Structures are given as structure tokens and as C-alpha cells.
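Structure first, commentary second.
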Amino acid sequence: MQLAAEEIQQNWLRLMGFINDHISEPRKTKLIEFYEKYIERLILMPAAHKKEYHNAFPGGYVDHVNRVITCALHLHELWAKMGADTTTYTKEELVFSALNHDLGKMGDEEHEAYIPQDDKWRKEKLGEDYKFNDRLAFASVPDRSLFLLQSHSIQYTFNEMITIQTHDGLYDEANKKYLMTYMPELKPRTSLPYIIHQADLMAARIEFETEWLPKFQGNLETPKKSFTLESKKSAPQTSAAKSKALGSLKNEGLKNLLDNL
Ligand SMILES: [Fe+2]
């Protein structure tokens, strides 16, 4: 699957829009500075290294994060409607957690976590378009997400820490201590971790359906999109819009990369 250059640019603007609309100062400025500092890494990053996983294509990471934030905002309404106590967390905590839940996938300050696969056999036989960068010291994605935030002086609340840490739910055994306890006093005091886990699960499932179900139906050339994010409905598709999007980028190398998509 491939995103057009204008979709990648539009997704980035949408991501910045979430920060502007939902995060308060001083974190808003710090987050914008952080995201702008690493724009060239983040804007083209895949959400996974293996093409069978969700959104493993250029721009897949931001596309995924936007979908998780959108799902989280909708799920927040649903949980409230169904009687959950949504006063135990703030909407800012909800958006902040969704925004940064997978941040550790970018690697550290110097090293990208995913780099293009140079092993032809693994690329062709195993579908690995990317590989993990072995120059990067190992840390789990949630641990690295939190480390990146704190090392850039972006503070997070207790709710956000637990939520980012447990966003994979019980798919990550390390989360059992938070999510598999039968002692009432040890259970999370807010539903936020469950909402973000659901949002992540929903987004990844939709990404799978969008990319893979058309292939199973034999429609390999023109994958059918089973959903449309609001931003994509209004995403400009004309070449004029594309040159406008590219024109707003300062870096020539990045412009060329996007122009060739
Ligand atoms: Fe995710």
C-alpha cells in the first residue's frame, strides 16, 4: 500500500492540528518543537517493519497515530455514553497518550528504529521492507516512548504514563501487573488505558482490513478503502494541491522523496 505525497503532508498537518487543539501550554510548544525537530524521521516512518503488519509503508506511522487519536476521541464519547466515569482523566490526557503511544518506534535521537531492509532474500521471502536498526540499544516501544518524552523535557501525568506503558493491553505480558490483577485496589483507577488500547486495536484492525481484505478478494490492483478519515475526505487530490503541499516543505531531500511517492 502507498500513500500519495499530498496524503502524507495532509496527515502531518492533521497530527499537528491535534496538538494545537488538545494540548495545553507549556507542553503544546514543547511537543510542536519535538515533532518539528524530527519531522523528517516521523513523516515517512512506517508503523511496522514487516509488510504483513499494519501500515508498514512510508507515512504509515503518522497515518496510524492519527487514526488512533480519532478512534480514541470517538471511544471516549462511547464509554461516557455507556456509563463509564470519564472524569477520571482529561481529554488532553486521552489525546496525549494516543499521540505518543508508539513514539518509541522512531528510535532514539541518533538512530532510527526501522531502516530499509538490505537483505534481498528477507525482503522478497519474508516481506520485510524494513529491518530493526541493530545500532539502537533495545528497549520496548512504550519504554522508549516515555524515555523520549522525558529526555526532551515533556512532562507526562501518572495517567498518561500508565496508559502509554499498557497500550498493548494483554498482548504484552509485561502489562499483566496492571491489567490482570483481581485485587480491586491494584486495578487502574481510570478507564483511560482500556480506551487507548481499544483505539489502537481498532485502528490496527481497520488498517489490516483496508490493506489485506481486497487482496484476499482477488482485487490486488485497486485496494478498496473500507473507511475514510475525515481528513482524507477533504484531502486535495489534484496535482496543484500536491505542489502546494510540497512547496511548504523546506528540505529539498524530503521534497524529492515525497515527490517520488
Ligand atoms: Fe499503535
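Every chain in the C-alpha cells has a letter given in the order shown (A, B, ...), and although residue numbers restart at 1 in each chain, ligands are simply numbered from 1 in the order shown.
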Quick one: everything within 7 Å of range 20-33 of chain A, counting only C-alpha atoms, minus sequence neighbours fewer than 5 positions away in the same chain. Send it as a short mmCIF file (atom, residue, chain, number, x, y, z; two decimals) with N, CA, C and O atoms, in the first residue's frame.
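Writing the result to result.cif gives the following:
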data_model
loop_
_atom_site.label_atom_id
_atom_site.label_comp_id
_atom_site.auth_asym_id
_atom_site.auth_seq_id
_atom_site.Cartn_x
_atom_site.Cartn_y
_atom_site.Cartn_z
N GLU A 92 -7.20 16.00 27.33
CA GLU A 92 -5.79 16.22 26.98
C GLU A 92 -4.98 14.95 27.24
O GLU A 92 -4.13 14.56 26.43
N VAL A 95 -5.71 12.47 24.39
CA VAL A 95 -5.03 12.78 23.12
C VAL A 95 -3.52 12.63 23.26
O VAL A 95 -2.85 12.06 22.39
N ILE A 154 9.44 16.88 28.19
CA ILE A 154 7.99 16.91 28.01
C ILE A 154 7.39 16.06 29.13
O ILE A 154 7.52 14.83 29.13
#
Checklist entry - What do you get as a PyMOL selection string if you pick all residues at most 8 Å from ligand 1, counting only C-alpha atoms and all ligand atoms? => result chain A and resi 47+64-65+68+101-102+167-168+200-201+203-204
Mind dumping the selected residues with C-alpha atoms as a PDB file, in the first residue's frame?
ATOM      1  CA  ALA A  47       4.184   1.874  11.558  1.00  0.00           C
ATOM      2  CA  HIS A  64      -1.769   5.122  12.237  1.00  0.00           C
ATOM      3  CA  VAL A  65      -1.341   7.649  15.056  1.00  0.00           C
ATOM      4  CA  VAL A  68      -5.680   6.011  16.976  1.00  0.00           C
ATOM      5  CA  HIS A 101       1.734   5.715  22.467  1.00  0.00           C
ATOM      6  CA  ASP A 102       4.028   4.405  19.702  1.00  0.00           C
ATOM      7  CA  HIS A 167      -1.359   0.448  25.395  1.00  0.00           C
ATOM      8  CA  ASP A 168      -0.722  -3.058  24.003  1.00  0.00           C
ATOM      9  CA  ASP A 200      -5.045   1.099  18.996  1.00  0.00           C
ATOM     10  CA  LEU A 201      -6.656  -2.295  18.390  1.00  0.00           C
ATOM     11  CA  ALA A 203      -7.018   1.327  14.231  1.00  0.00           C
ATOM     12  CA  ALA A 204      -4.705  -1.644  13.554  1.00  0.00           C
TER      13      ALA A 204
END
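Assigned to strand (DSSP E or B) in range 19-256 of chain A, given DSSP computed from backbone atoms, are Tyr114, Ile115, Pro116, Tyr130, Lys131 and Phe132 of chain A.
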Expected file: the selected residues, N, CA, C and O atoms, as an mmCIF file, in the first residue's frame:
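Resulting contents of out_10.cif:
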data_model
loop_
_atom_site.group_PDB
_atom_site.id
_atom_site.type_symbol
_atom_site.label_atom_id
_atom_site.label_comp_id
_atom_site.auth_asym_id
_atom_site.auth_seq_id
_atom_site.Cartn_x
_atom_site.Cartn_y
_atom_site.Cartn_z
ATOM 1 N N TYR A 114 13.664 1.716 12.460
ATOM 2 C CA TYR A 114 13.441 0.947 11.232
ATOM 3 C C TYR A 114 14.277 1.534 10.111
ATOM 4 O O TYR A 114 14.198 2.723 9.827
ATOM 5 N N ILE A 115 15.075 0.685 9.471
ATOM 6 C CA ILE A 115 15.837 1.141 8.305
ATOM 7 C C ILE A 115 15.520 0.192 7.147
ATOM 8 O O ILE A 115 15.102 -0.948 7.374
ATOM 9 N N PRO A 116 15.695 0.645 5.879
ATOM 10 C CA PRO A 116 15.346 -0.216 4.744
ATOM 11 C C PRO A 116 16.096 -1.543 4.803
ATOM 12 O O PRO A 116 17.291 -1.582 5.122
ATOM 13 N N TYR A 130 11.514 -3.317 5.779
ATOM 14 C CA TYR A 130 12.369 -2.604 6.735
ATOM 15 C C TYR A 130 12.968 -3.629 7.689
ATOM 16 O O TYR A 130 12.485 -4.749 7.813
ATOM 17 N N LYS A 131 14.020 -3.237 8.384
ATOM 18 C CA LYS A 131 14.576 -4.098 9.433
ATOM 19 C C LYS A 131 14.899 -3.229 10.643
ATOM 20 O O LYS A 131 15.031 -1.998 10.529
ATOM 21 N N PHE A 132 15.002 -3.890 11.805
ATOM 22 C CA PHE A 132 15.378 -3.150 13.001
ATOM 23 C C PHE A 132 16.838 -2.719 12.886
ATOM 24 O O PHE A 132 17.673 -3.452 12.371
#
Item to check | range 80-236 of chain A: residues DSSP assigns to helix (DSSP H, G or I), reported as a PyMOL selection string | outcome: chain A and resi 80-81+86-88+91-100+103-106+120-125+141-151+158-165+169-171+173-179+184-186+192-216+230-233
Checklist entry - What does the distance between CA of Tyr38 in chain A and CA of Phe158 in chain A come to in Å, to one decimal place? => result 25.5 Å
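Reported to one decimal place, the separation of CA of Lys91 in chain A from CA of Leu42 in chain A is 24.0 Å.
Distance check against Leu149 in chain A using only C-alpha atoms: of A:Thr210, A:Gln9, A:Asn100, A:Thr70, the minimum falls on A:Asn100.
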Next on the checklist: Residues within 8 Å of Asp85 in chain A, please, as number ranges by chain. Count only C-alpha atoms; anything in the same chain fewer than 3 positions from it doesn't count.
Outcome noted: A: 80, 88, 190-191
